[in-house]
>>> print(open('input_18.cif').read())   # mmCIF, C-alpha atoms and all ligand atoms
data_data
#
loop_
_atom_site.label_atom_id
_atom_site.label_comp_id
_atom_site.auth_asym_id
_atom_site.auth_seq_id
_atom_site.Cartn_x
_atom_site.Cartn_y
_atom_site.Cartn_z
CA MET A 1 52.12 -71.39 -1.14
CA SER A 2 51.14 -68.17 -2.88
CA PRO A 3 50.98 -65.18 -0.52
CA HIS A 4 47.41 -64.50 -1.66
CA LEU A 5 46.35 -67.94 -0.41
CA VAL A 6 47.93 -67.27 3.00
CA PHE A 7 45.99 -64.01 3.29
CA ILE A 8 42.75 -65.62 2.12
CA ILE A 9 42.99 -68.38 4.73
CA PHE A 10 43.97 -65.93 7.47
CA LEU A 11 41.13 -63.51 6.59
CA PHE A 12 38.61 -66.36 6.44
CA VAL A 13 39.56 -67.39 9.98
CA LEU A 14 39.53 -63.76 11.13
CA GLY A 15 36.11 -63.35 9.49
CA THR A 16 34.65 -66.35 11.36
CA CYS A 17 35.82 -64.77 14.64
CA VAL A 18 34.19 -61.46 13.65
CA GLY A 19 31.07 -63.49 12.76
CA SER A 20 31.13 -64.96 16.25
CA PHE A 21 30.99 -61.41 17.63
CA LEU A 22 28.16 -60.58 15.16
CA ASN A 23 26.15 -63.45 16.68
CA VAL A 24 26.48 -61.73 20.05
CA VAL A 25 25.42 -58.40 18.47
CA ILE A 26 22.42 -60.01 16.72
CA TYR A 27 21.24 -61.73 19.90
CA ARG A 28 21.91 -59.03 22.48
CA LEU A 29 21.52 -55.62 20.80
CA PRO A 30 17.74 -55.90 20.08
CA ARG A 31 17.23 -57.23 23.62
CA GLY A 32 19.01 -54.23 25.12
CA MET A 33 21.72 -56.43 26.67
CA SER A 34 25.41 -55.48 27.08
CA LEU A 35 27.67 -56.72 24.29
CA TRP A 36 30.65 -57.22 26.60
CA TRP A 37 29.17 -58.83 29.70
CA PRO A 38 28.43 -61.58 30.59
CA PRO A 39 30.57 -63.92 28.40
CA SER A 40 28.67 -66.11 25.92
CA ARG A 41 26.34 -68.64 27.44
CA CYS A 42 23.70 -71.09 26.30
CA PRO A 43 20.48 -69.08 25.74
CA ARG A 44 18.41 -71.99 27.17
CA CYS A 45 20.18 -73.13 30.35
CA GLU A 46 22.35 -69.98 30.70
CA LYS A 47 25.49 -72.04 31.48
CA PRO A 48 28.66 -70.17 30.34
CA LEU A 49 30.30 -71.78 27.31
CA ALA A 50 33.83 -73.20 27.49
CA TRP A 51 36.28 -71.51 25.11
CA TYR A 52 36.55 -74.68 22.97
CA ASP A 53 32.77 -74.73 22.44
CA ASN A 54 33.03 -71.12 21.34
CA VAL A 55 35.46 -71.76 18.46
CA PRO A 56 33.69 -70.38 15.34
CA VAL A 57 31.88 -72.98 13.17
CA LEU A 58 33.92 -75.92 14.55
CA GLY A 59 32.54 -75.56 18.09
CA TRP A 60 28.99 -75.99 16.84
CA ILE A 61 29.92 -78.97 14.63
CA MET A 62 31.80 -80.75 17.46
CA LEU A 63 28.79 -80.34 19.73
CA GLY A 64 26.50 -81.76 17.05
CA GLY A 65 24.43 -78.56 17.21
CA ARG A 66 23.42 -79.16 20.83
CA CYS A 67 24.33 -77.51 24.13
CA ARG A 68 26.96 -79.50 26.08
CA TYR A 69 24.98 -79.14 29.32
CA CYS A 70 21.24 -79.14 28.56
CA ARG A 71 21.44 -80.93 25.16
CA LYS A 72 18.89 -78.51 23.71
CA PRO A 73 19.53 -77.72 20.02
CA ILE A 74 21.58 -74.58 19.19
CA SER A 75 20.34 -72.67 16.14
CA PRO A 76 22.38 -73.36 12.98
CA GLN A 77 22.19 -69.59 12.44
CA TYR A 78 25.29 -69.25 14.68
CA PRO A 79 27.74 -71.28 12.54
CA ILE A 80 26.12 -69.98 9.34
CA ILE A 81 26.73 -66.31 10.30
CA GLU A 82 30.32 -67.20 11.26
CA ALA A 83 30.99 -69.04 8.00
CA VAL A 84 29.33 -66.35 5.86
CA THR A 85 31.41 -63.59 7.51
CA GLY A 86 34.58 -65.61 6.93
CA ILE A 87 33.68 -66.19 3.27
CA LEU A 88 32.89 -62.49 2.76
CA PHE A 89 36.24 -61.40 4.25
CA ALA A 90 38.10 -63.83 1.97
CA PHE A 91 35.93 -62.96 -1.05
CA TYR A 92 36.51 -59.20 -0.77
CA TYR A 93 40.24 -59.74 -0.31
CA ALA A 94 40.31 -61.70 -3.55
CA MET A 95 38.25 -59.04 -5.32
CA PHE A 96 40.32 -56.07 -4.06
CA PHE A 97 43.83 -57.52 -4.18
CA VAL A 98 43.73 -60.30 -6.80
CA LEU A 99 41.10 -59.19 -9.33
CA HIS A 100 41.64 -55.45 -8.66
CA LEU A 101 37.96 -54.64 -8.28
CA GLY A 102 36.71 -52.23 -5.65
CA PRO A 103 38.33 -48.91 -4.75
CA CYS A 104 39.92 -47.23 -7.73
CA LEU A 105 41.71 -44.03 -8.60
CA GLY A 106 39.18 -41.35 -9.41
CA ALA A 107 39.45 -38.92 -12.31
CA SER A 108 41.34 -36.21 -10.43
CA PRO A 109 44.02 -34.33 -12.40
CA LEU A 110 46.30 -34.94 -9.39
CA LEU A 111 46.53 -38.57 -10.54
CA LEU A 112 49.51 -37.55 -12.64
CA PHE A 113 51.38 -37.54 -9.33
CA ALA A 114 49.90 -40.84 -8.16
CA HIS A 115 52.18 -43.59 -7.03
CA ASP A 116 52.33 -46.82 -8.97
CA PRO A 117 48.63 -47.74 -9.27
CA SER A 118 49.42 -51.46 -9.42
CA ASN A 119 50.75 -51.23 -5.86
CA ARG A 120 47.68 -52.00 -3.80
CA ALA A 121 49.37 -52.28 -0.39
CA GLY A 122 47.93 -48.87 0.50
CA LEU A 123 44.45 -50.37 0.23
CA TRP A 124 44.61 -52.24 3.54
CA PRO A 125 43.01 -49.55 5.73
CA LEU A 126 40.13 -49.18 3.26
CA TYR A 127 39.75 -52.94 3.02
CA GLY A 128 39.52 -53.06 6.82
CA LEU A 129 36.95 -50.26 6.87
CA ASP A 130 34.90 -51.90 4.11
CA MET A 131 34.86 -55.17 6.10
CA VAL A 132 33.64 -53.25 9.16
CA LEU A 133 30.79 -52.03 6.94
CA ILE A 134 30.10 -55.52 5.52
CA ALA A 135 30.03 -57.03 9.02
CA GLY A 136 27.78 -54.23 10.31
CA LEU A 137 25.39 -54.61 7.37
CA LEU A 138 25.19 -58.37 7.92
CA ALA A 139 24.27 -57.91 11.59
CA ALA A 140 21.83 -55.06 10.81
CA SER A 141 20.13 -57.09 8.06
CA VAL A 142 19.61 -60.16 10.25
CA ILE A 143 18.23 -57.99 13.07
CA ASP A 144 16.02 -56.11 10.58
CA VAL A 145 14.57 -59.39 9.22
CA GLU A 146 13.91 -60.75 12.72
CA TYR A 147 12.71 -57.64 14.57
CA TYR A 148 11.92 -54.99 11.92
CA VAL A 149 14.32 -52.54 13.51
CA ILE A 150 17.87 -51.48 12.72
CA PRO A 151 19.65 -50.45 15.94
CA ALA A 152 21.02 -46.98 15.15
CA SER A 153 24.21 -47.71 17.09
CA ILE A 154 25.43 -50.04 14.31
CA PRO A 155 25.54 -47.43 11.48
CA TRP A 156 26.72 -44.69 13.87
CA TRP A 157 29.74 -46.74 14.99
CA ILE A 158 30.46 -47.54 11.33
CA ALA A 159 30.27 -43.83 10.44
CA ALA A 160 32.62 -42.91 13.30
CA ALA A 161 35.17 -45.48 12.09
CA ALA A 162 34.78 -44.22 8.51
CA VAL A 163 35.44 -40.55 9.37
CA VAL A 164 38.60 -41.56 11.27
CA VAL A 165 39.95 -43.88 8.55
CA HIS A 166 39.19 -41.50 5.66
CA GLY A 167 40.76 -38.61 7.56
CA TRP A 168 43.80 -40.77 8.26
CA VAL A 169 44.58 -42.41 4.86
CA ASP A 170 42.82 -40.37 2.16
CA ARG A 171 44.91 -38.26 -0.17
CA PRO A 172 43.54 -36.77 -3.40
CA TRP A 173 45.59 -39.30 -5.38
CA THR A 174 44.90 -42.52 -3.44
CA MET A 175 42.52 -45.30 -4.42
CA GLY A 176 39.00 -45.02 -3.02
CA THR A 177 39.69 -41.53 -1.68
CA LEU A 178 36.77 -39.43 -0.45
CA THR A 179 38.80 -36.19 -0.08
CA ALA A 180 36.30 -33.43 -0.81
CA ALA A 181 36.94 -30.49 -3.13
CA PRO A 182 36.95 -27.05 -1.39
CA ALA A 183 33.33 -26.29 -2.39
CA ALA A 184 32.16 -29.70 -1.15
CA MET A 185 34.11 -29.18 2.11
CA SER A 186 32.29 -25.90 2.65
CA LEU A 187 28.92 -27.59 1.99
CA ALA A 188 29.75 -30.53 4.28
CA ALA A 189 30.96 -28.33 7.14
CA GLY A 190 27.81 -26.18 7.05
CA ALA A 191 25.51 -29.21 6.89
CA ALA A 192 27.43 -30.95 9.70
CA VAL A 193 27.01 -27.93 11.97
CA GLY A 194 23.29 -27.94 11.11
CA LEU A 195 23.05 -31.65 11.88
CA ALA A 196 24.73 -31.14 15.26
CA ILE A 197 22.27 -28.31 16.01
CA SER A 198 19.27 -30.47 15.05
CA ILE A 199 20.49 -33.40 17.17
CA ALA A 200 21.02 -31.06 20.13
CA LEU A 201 17.52 -29.57 19.68
CA LEU A 202 16.08 -33.10 19.49
CA PHE A 203 17.76 -34.05 22.77
CA LEU A 204 16.54 -30.82 24.39
CA LYS A 205 13.03 -31.78 23.12
CA ILE A 206 12.72 -28.45 21.25
CA ILE A 207 12.30 -30.45 18.01
CA PRO A 208 9.72 -33.23 18.62
CA LEU A 209 10.64 -36.88 18.02
CA SER A 210 8.54 -38.38 15.21
CA PHE A 211 6.52 -41.54 15.90
CA PRO A 212 7.00 -41.37 19.70
CA ASP A 213 5.16 -44.71 20.14
CA GLY A 214 7.30 -46.50 17.56
CA ASP A 215 6.45 -47.16 13.93
CA LEU A 216 6.03 -50.03 11.52
CA LEU A 217 5.90 -50.30 7.76
CA GLU A 218 2.84 -51.82 6.12
CA GLY A 219 3.99 -55.46 5.74
CA GLU A 220 5.88 -55.38 9.04
CA ARG A 221 2.65 -54.75 10.93
CA ARG A 222 1.00 -57.85 9.44
CA GLU A 223 4.07 -59.97 10.29
CA LEU A 224 4.20 -58.70 13.85
CA GLU A 225 0.45 -59.18 14.36
CA GLN A 226 0.86 -62.78 13.24
CA LYS A 227 3.78 -63.25 15.66
CA ALA A 228 1.67 -61.76 18.46
CA ARG A 229 -1.19 -64.17 17.70
CA GLN A 230 1.17 -67.16 17.78
CA ALA A 231 2.69 -65.93 21.03
CA GLN A 232 -0.76 -65.50 22.58
CA GLU A 233 -1.83 -69.02 21.55
CA SER A 234 1.26 -70.61 23.04
CA GLY A 235 1.00 -68.45 26.17
CA ARG A 236 4.29 -66.60 25.60
CA SER A 237 4.69 -62.87 26.16
CA VAL A 238 3.05 -60.88 23.36
CA PRO A 239 5.27 -58.38 21.45
CA GLU A 240 4.05 -54.81 21.67
CA ILE A 241 2.63 -53.41 18.45
CA PRO A 242 2.69 -49.63 17.92
CA PRO A 243 -0.68 -48.05 17.12
CA GLU A 244 -1.69 -47.68 13.48
CA LEU A 245 -1.83 -44.04 12.32
CA THR A 246 -4.21 -42.34 9.91
CA PRO A 247 -2.76 -40.72 6.75
CA ALA A 248 -3.14 -37.27 8.34
CA GLN A 249 -1.24 -38.44 11.43
CA VAL A 250 1.54 -39.92 9.27
CA ARG A 251 1.87 -36.60 7.41
CA ALA A 252 2.02 -34.74 10.73
CA GLU A 253 4.89 -37.02 11.85
CA MET A 254 6.67 -36.28 8.54
CA ARG A 255 6.47 -32.54 9.22
CA LYS A 256 8.35 -33.17 12.48
CA GLU A 257 11.08 -34.90 10.49
CA MET A 258 11.26 -32.02 8.01
CA LEU A 259 11.80 -29.72 10.98
CA PHE A 260 14.85 -31.82 11.87
CA LEU A 261 16.21 -31.52 8.32
CA PHE A 262 15.74 -27.75 8.20
CA ALA A 263 19.02 -26.74 9.93
CA PRO A 264 21.40 -29.08 8.03
CA VAL A 265 19.88 -28.25 4.63
CA ILE A 266 19.78 -24.47 5.21
CA LEU A 267 23.25 -24.24 6.78
CA GLY A 268 24.77 -26.53 4.12
CA GLY A 269 23.28 -24.37 1.36
CA ALA A 270 24.27 -21.12 3.05
CA SER A 271 27.85 -22.31 3.51
CA LEU A 272 28.06 -23.26 -0.17
CA LEU A 273 26.70 -19.85 -1.21
CA LEU A 274 29.28 -18.12 1.00
CA TYR A 275 31.99 -20.18 -0.70
CA THR A 276 30.66 -19.18 -4.11
CA TYR A 277 30.25 -15.45 -3.52
CA VAL A 278 32.70 -14.45 -0.74
CA PRO A 279 36.34 -14.69 -1.91
CA ALA A 280 37.71 -14.78 1.66
CA VAL A 281 35.59 -17.86 2.45
CA ALA A 282 36.71 -19.54 -0.76
CA ARG A 283 40.34 -18.83 0.15
CA PHE A 284 39.75 -20.32 3.61
CA TRP A 285 38.50 -23.61 2.17
CA LEU A 286 41.18 -23.69 -0.54
CA HIS A 287 43.71 -23.49 2.27
CA GLY A 288 41.80 -26.07 4.34
CA TRP A 289 41.73 -28.50 1.41
CA ARG A 290 45.52 -28.87 1.64
CA HIS A 291 45.05 -30.41 5.09
CA TYR A 292 44.12 -33.81 3.72
CA TRP A 293 42.94 -35.12 7.09
CA LEU A 294 40.27 -32.40 7.00
CA SER A 295 39.22 -32.93 3.37
CA GLY A 296 39.12 -36.71 4.05
CA CYS A 297 36.99 -36.33 7.20
CA LEU A 298 34.62 -33.88 5.51
CA GLY A 299 34.36 -36.06 2.38
CA SER A 300 33.32 -38.98 4.56
CA LEU A 301 30.85 -36.81 6.52
CA LEU A 302 29.41 -35.47 3.27
CA GLY A 303 28.91 -39.04 2.04
CA ALA A 304 27.10 -39.92 5.27
CA MET A 305 24.79 -36.92 5.08
CA VAL A 306 24.04 -37.30 1.35
CA GLY A 307 23.35 -41.03 1.83
CA GLY A 308 21.03 -40.39 4.75
CA LEU A 309 19.31 -37.48 3.00
CA VAL A 310 18.56 -39.48 -0.17
CA VAL A 311 16.71 -42.15 1.84
CA TRP A 312 15.05 -39.55 4.04
CA LEU A 313 13.74 -37.58 1.05
CA ALA A 314 12.34 -40.80 -0.43
CA ARG A 315 10.72 -41.55 2.96
CA ILE A 316 9.16 -38.09 3.28
CA LEU A 317 7.95 -37.92 -0.35
CA GLY A 318 6.57 -41.47 -0.24
CA SER A 319 4.90 -41.07 3.14
CA TYR A 320 3.36 -37.74 2.14
CA GLY A 321 2.12 -39.14 -1.14
CA PHE A 322 0.62 -42.39 0.17
CA GLY A 323 -0.30 -41.29 3.69
CA ARG A 324 1.54 -44.26 5.16
CA GLU A 325 5.18 -44.75 6.01
CA ALA A 326 7.24 -45.51 2.93
CA MET A 327 10.64 -46.39 4.39
CA GLY A 328 11.97 -46.79 7.91
CA LEU A 329 14.11 -44.28 9.78
CA GLY A 330 16.41 -47.26 10.39
CA ASP A 331 17.15 -47.24 6.66
CA VAL A 332 18.10 -43.54 6.93
CA HIS A 333 20.60 -44.38 9.69
CA LEU A 334 21.90 -47.36 7.73
CA MET A 335 22.54 -45.24 4.63
CA PHE A 336 24.28 -42.64 6.82
CA GLY A 337 26.84 -45.31 7.77
CA ILE A 338 27.11 -46.60 4.18
CA GLY A 339 27.71 -43.09 2.82
CA ALA A 340 30.41 -42.39 5.40
CA VAL A 341 32.38 -45.44 4.22
CA LEU A 342 31.77 -45.37 0.45
CA GLY A 343 31.04 -41.70 -0.21
CA ALA A 344 28.10 -39.71 -1.55
CA GLY A 345 28.19 -41.08 -5.10
CA ALA A 346 28.39 -44.76 -4.21
CA ALA A 347 25.70 -44.45 -1.52
CA THR A 348 23.33 -42.76 -3.96
CA VAL A 349 23.95 -45.46 -6.58
CA ALA A 350 23.38 -48.17 -3.95
CA PHE A 351 20.05 -46.59 -3.00
CA PHE A 352 18.83 -46.60 -6.60
CA ILE A 353 19.86 -50.19 -7.39
CA ALA A 354 18.51 -51.61 -4.09
CA PRO A 355 15.00 -52.14 -5.60
CA PHE A 356 16.51 -54.51 -8.19
CA PHE A 357 17.84 -56.70 -5.36
CA GLY A 358 14.39 -56.45 -3.77
CA LEU A 359 12.84 -57.70 -7.00
CA ALA A 360 15.32 -60.58 -7.30
CA ILE A 361 14.57 -61.70 -3.73
CA ALA A 362 10.82 -61.30 -4.24
CA ILE A 363 10.99 -63.62 -7.25
CA TYR A 364 13.08 -66.12 -5.29
CA MET A 365 10.55 -66.06 -2.45
CA LEU A 366 7.66 -66.54 -4.84
CA LEU A 367 9.40 -69.56 -6.36
CA THR A 368 10.24 -71.08 -2.99
CA ALA A 369 6.80 -70.14 -1.63
CA ALA A 370 8.43 -68.41 1.34
CA ARG A 371 5.71 -65.82 1.81
CA ARG A 372 7.24 -63.25 4.07
CA GLN A 373 7.51 -59.49 3.81
CA LEU A 374 11.14 -58.42 4.07
CA PRO A 375 12.19 -54.99 5.39
CA TYR A 376 14.29 -52.71 3.18
CA GLY A 377 17.57 -52.94 5.15
CA PRO A 378 18.73 -56.20 3.57
CA TYR A 379 18.17 -54.83 0.05
CA LEU A 380 20.20 -51.71 0.83
CA SER A 381 22.90 -53.98 2.25
CA LEU A 382 23.01 -56.22 -0.83
CA ALA A 383 23.15 -53.19 -3.12
CA THR A 384 26.00 -51.78 -1.01
CA ALA A 385 27.94 -55.05 -1.16
CA PHE A 386 27.59 -54.87 -4.96
CA VAL A 387 28.48 -51.18 -5.25
CA MET A 388 31.58 -51.74 -3.09
CA LEU A 389 33.00 -53.75 -5.99
CA PHE A 390 31.53 -52.07 -9.05
CA TYR A 391 31.17 -48.38 -8.20
CA CYS A 392 34.16 -47.35 -10.33
CA PRO A 393 32.86 -48.64 -13.68
CA ILE A 394 29.36 -47.36 -12.81
CA ALA A 395 30.74 -43.91 -11.94
CA GLY A 396 32.77 -43.87 -15.17
CA TYR A 397 29.60 -44.65 -17.08
CA LEU A 398 27.57 -41.93 -15.31
CA ARG A 399 30.30 -39.25 -15.29
CA PRO A 400 29.57 -37.55 -18.65
CA GLY A 401 25.89 -37.18 -17.73
CA ILE A 402 26.66 -35.75 -14.28
CA GLN A 403 29.26 -33.35 -15.70
CA GLY A 404 26.69 -32.14 -18.22
CA LEU A 405 24.18 -31.64 -15.42
CA MET A 406 26.73 -29.74 -13.31
CA TYR A 407 27.57 -27.49 -16.27
CA PHE A 408 23.84 -26.81 -16.73
CA VAL A 409 23.42 -25.98 -13.01
CA ARG A 410 26.44 -23.66 -13.07
CA GLN A 411 25.05 -21.84 -16.09
CA ILE A 412 21.76 -21.25 -14.22
CA VAL A 413 23.50 -20.17 -11.00
CA GLY A 414 25.90 -17.95 -12.93
CA ALA A 415 23.07 -16.34 -14.92
CA SER A 416 21.02 -15.38 -11.88
ZN ZN B 501 22.20 -75.24 27.48
#
>>> encode(input="input_18.cif", output="structure tokens", more="lines below")
Ligand SMILES: [Zn+2]
Amino acid sequence: MSPHLVFIIFLFVLGTCVGSFLNVVIYRLPRGMSLWWPPSRCPRCEKPLAWYDNVPVLGWIMLGGRCRYCRKPISPQYPIIEAVTGILFAFYYAMFFVLHLGPCLGASPLLLFAHDPSNRAGLWPLYGLDMVLIAGLLAASVIDVEYYVIPASIPWWIAAAAVVVHGWVDRPWTMGTLTAAPAAMSLAAGAAVGLAISIALLFLKIIPLSFPDGDLLEGERRELEQKARQAQESGRSVPEIPPELTPAQVRAEMRKEMLFLFAPVILGGASLLLYTYVPAVARFWLHGWRHYWLSGCLGSLLGAMVGGLVVWLARILGSYGFGREAMGLGDVHLMFGIGAVLGAGAATVAFFIAPFFGLAIAIYMLLTAARRQLPYGPYLSLATAFVMLFYCPIAGYLRPGIQGLMYFVRQIVGAS
């Protein structure tokens, strides 16, 4: 048997087990329940499941889709999530290691010293990190479709894993590296300090939290109102719907969010200016760059902050322009996690191609007459899954234009 086939089967099985955990995340996280306790049980009769009923996909099939004890049907969503996760793990293995898509060597001049580029064994940590992202996006998307929220803990755990992995494996000459150049390190460090300050001020309630009563996008409100009506008719508990705000109120909430962005943007910019104009600072970061764990960590952090900022700017501009919320804060968090794993460039590309996936799904829904407003999280996730494979050719295509733009910017900065 070919070694690839062994890995594909193993990763499929591993993926179904991860999918089993995602089912727990999808069910418990929005309900505020612990992920680790109690062990899985039937949601209807609350009897704990035996380990053999818990085997991914097969357990559900053996039970005929019904609980062993109360015989009530178990949603087919459980085995579907497990199977889909397994297929994704196997699919990305085949793409990365057989078809050689996915992370690539960049355009760094250090590539002259690169090891044999056909040796992809070094890709395993990045493959593992990318599968953490894929699994997290799958769970976040399902929760977003069902509840119109993305629990922030999902992208924040992904970002934490990404900073550790990129700090650990990234070298300027490895595939999929995010190691930042000295100037970018300086920018990232300043912005990260600003972000920490803003988060601290938010916790100390010096910066106000926007939308303190919760928020909903336009279509989400209609969906939730419908759900509430159904719940009322059947006598179930009615979900709480946050109050609708006037355009002036929405703009006031946006000003609170701009206040949050103030410190990271100003400190990031200031740090970059110091790098540009103070030789001692530039020397400091040139020295720091040689500590690859630091340039890897900061490259990942920069990706997270750029990804989050791109969505946040779109949210603020859109909400200011239309007087109603244009994109959820959950999407900002989600893109923070995506950027930490894939880097600033890939996250930005994913954000701009996400509308195309939205359009494709809208057409599909029109054809199947499934009239239902979808939140933005799933589109961002689909775009990310695509970019994870095809960022390298896209970046190669965009590079001349971006280099021209950078040259233009440098001319302006240099002239002033
Ligand atoms: Zn049961």
>>> closest_residue(input="input_18.cif", among="A:Phe322, A:Trp51, A:Tyr147, A:Tyr376", to="Arg251 (chain A)", atoms="all atoms listed in the file")
A:Phe322
>>> closest_atom_pairs(input="input_18.cif", of="chain A", to="ligand ZN 501 (chain B)", cutoff="9 Å", atoms="all atoms listed in the file", output="Markdown table")
| residue | atom | partner | partner_atom | distance |
| --- | --- | --- | --- | --- |
| A:Arg41 | CA | B:ZN501 | ZN | 7.8 |
| A:Cys42 | CA | B:ZN501 | ZN | 4.6 |
| A:Pro43 | CA | B:ZN501 | ZN | 6.6 |
| A:Arg44 | CA | B:ZN501 | ZN | 5.0 |
| A:Cys45 | CA | B:ZN501 | ZN | 4.1 |
| A:Glu46 | CA | B:ZN501 | ZN | 6.2 |
| A:Lys47 | CA | B:ZN501 | ZN | 6.1 |
| A:Pro48 | CA | B:ZN501 | ZN | 8.7 |
| A:Leu49 | CA | B:ZN501 | ZN | 8.8 |
| A:Arg66 | CA | B:ZN501 | ZN | 7.8 |
| A:Cys67 | CA | B:ZN501 | ZN | 4.6 |
| A:Arg68 | CA | B:ZN501 | ZN | 6.5 |
| A:Tyr69 | CA | B:ZN501 | ZN | 5.1 |
| A:Cys70 | CA | B:ZN501 | ZN | 4.2 |
| A:Arg71 | CA | B:ZN501 | ZN | 6.2 |
| A:Lys72 | CA | B:ZN501 | ZN | 6.0 |
| A:Pro73 | CA | B:ZN501 | ZN | 8.3 |
| A:Ile74 | CA | B:ZN501 | ZN | 8.3 |
>>> closest_residue(input="input_18.cif", among="A:Ile338, A:Val265, A:Ile412, A:Met258", to="Gly194 (chain A)", atoms="only C-alpha atoms")
A:Val265
>>> closest_atom_pairs(input="input_18.cif", of="region 136-234 of chain A", to="region 122-127 of chain A", cutoff="8 Å", atoms="all atoms listed in the file", output="CSV")
residue,atom,partner,partner_atom,distance
A:Val165,CA,A:Pro125,CA,7.0
A:Val169,CA,A:Pro125,CA,7.4
A:Met175,CA,A:Leu123,CA,7.1
A:Gly176,CA,A:Leu126,CA,7.6
>>> residues_around(input="input_18.cif", residues="Ile143 (chain A)", least_positions_apart="6", cutoff="7 Å", atoms="only C-alpha atoms", output="JSON, numbers by chain")
{"A": [26, 149, 150]}
>>> atom_distance(input="input_18.cif", atom1="CA of Ala159 (chain A)", atom2="CA of Ala340 (chain A)")
5.2 Å
>>> residues_around(input="input_18.cif", residues="Leu14 (chain A)", least_positions_apart="3", cutoff="9 Å", atoms="only C-alpha atoms", output="list in words")
Ile9, Phe10, Leu11, Cys17, Val18, Gly19, Thr85, Gly86 and Phe89 of chain A
>>> residues_around(input="input_18.cif", residues="region 392-399 of chain A", least_positions_apart="4", cutoff="8 Å", atoms="only C-alpha atoms", output="PyMOL selection string")
chain A and resi 102-104+106+345+403
>>> residues_around(input="input_18.cif", residues="region 217-231 of chain A", least_positions_apart="6", cutoff="12 Å", atoms="all atoms listed in the file", output="VMD selection string")
chain A and resid 144 to 149 211 237 to 245 250 315 318 to 319 322 to 331 371 to 376
>>> atom_distance(input="input_18.cif", atom1="CA of Ala350 (chain A)", atom2="CA of Ala252 (chain A)")
29.2 Å
>>> residues_near_point(input="input_18.cif", point="(31.8, -75.4, 21.6)", cutoff="10 Å", atoms="only C-alpha atoms", output="ChimeraX atom specification")
/A:49-68
>>> build_atoms(input="input_18.cif", residues="region 350-362 of chain A", atoms="N, CA and C atoms", output="PDB file, in the coordinates of the input")
ATOM      1  N   ALA A 350      23.873 -47.001  -4.687  1.00  0.00           N
ATOM      2  CA  ALA A 350      23.380 -48.170  -3.950  1.00  0.00           C
ATOM      3  C   ALA A 350      21.885 -48.025  -3.662  1.00  0.00           C
ATOM      4  N   PHE A 351      21.465 -46.798  -3.295  1.00  0.00           N
ATOM      5  CA  PHE A 351      20.050 -46.590  -3.000  1.00  0.00           C
ATOM      6  C   PHE A 351      19.180 -46.874  -4.231  1.00  0.00           C
ATOM      7  N   PHE A 352      19.665 -46.448  -5.409  1.00  0.00           N
ATOM      8  CA  PHE A 352      18.830 -46.600  -6.600  1.00  0.00           C
ATOM      9  C   PHE A 352      18.858 -48.023  -7.168  1.00  0.00           C
ATOM     10  N   ILE A 353      19.896 -48.815  -6.867  1.00  0.00           N
ATOM     11  CA  ILE A 353      19.860 -50.190  -7.390  1.00  0.00           C
ATOM     12  C   ILE A 353      19.282 -51.164  -6.361  1.00  0.00           C
ATOM     13  N   ALA A 354      19.064 -50.707  -5.113  1.00  0.00           N
ATOM     14  CA  ALA A 354      18.510 -51.610  -4.090  1.00  0.00           C
ATOM     15  C   ALA A 354      17.180 -52.243  -4.519  1.00  0.00           C
ATOM     16  N   PRO A 355      16.264 -51.505  -5.195  1.00  0.00           N
ATOM     17  CA  PRO A 355      15.000 -52.140  -5.600  1.00  0.00           C
ATOM     18  C   PRO A 355      15.196 -53.352  -6.508  1.00  0.00           C
ATOM     19  N   PHE A 356      16.287 -53.353  -7.313  1.00  0.00           N
ATOM     20  CA  PHE A 356      16.510 -54.510  -8.190  1.00  0.00           C
ATOM     21  C   PHE A 356      16.806 -55.754  -7.357  1.00  0.00           C
ATOM     22  N   PHE A 357      17.578 -55.571  -6.259  1.00  0.00           N
ATOM     23  CA  PHE A 357      17.840 -56.700  -5.360  1.00  0.00           C
ATOM     24  C   PHE A 357      16.537 -57.121  -4.682  1.00  0.00           C
ATOM     25  N   GLY A 358      15.689 -56.137  -4.370  1.00  0.00           N
ATOM     26  CA  GLY A 358      14.390 -56.450  -3.770  1.00  0.00           C
ATOM     27  C   GLY A 358      13.572 -57.310  -4.709  1.00  0.00           C
ATOM     28  N   LEU A 359      13.596 -56.952  -5.996  1.00  0.00           N
ATOM     29  CA  LEU A 359      12.840 -57.700  -7.000  1.00  0.00           C
ATOM     30  C   LEU A 359      13.373 -59.122  -7.114  1.00  0.00           C
ATOM     31  N   ALA A 360      14.713 -59.256  -7.163  1.00  0.00           N
ATOM     32  CA  ALA A 360      15.320 -60.580  -7.300  1.00  0.00           C
ATOM     33  C   ALA A 360      14.912 -61.468  -6.117  1.00  0.00           C
ATOM     34  N   ILE A 361      14.926 -60.906  -4.908  1.00  0.00           N
ATOM     35  CA  ILE A 361      14.570 -61.700  -3.730  1.00  0.00           C
ATOM     36  C   ILE A 361      13.081 -62.015  -3.732  1.00  0.00           C
ATOM     37  N   ALA A 362      12.266 -61.057  -4.181  1.00  0.00           N
ATOM     38  CA  ALA A 362      10.820 -61.300  -4.240  1.00  0.00           C
ATOM     39  C   ALA A 362      10.512 -62.475  -5.166  1.00  0.00           C
TER      40      ALA A 362
END
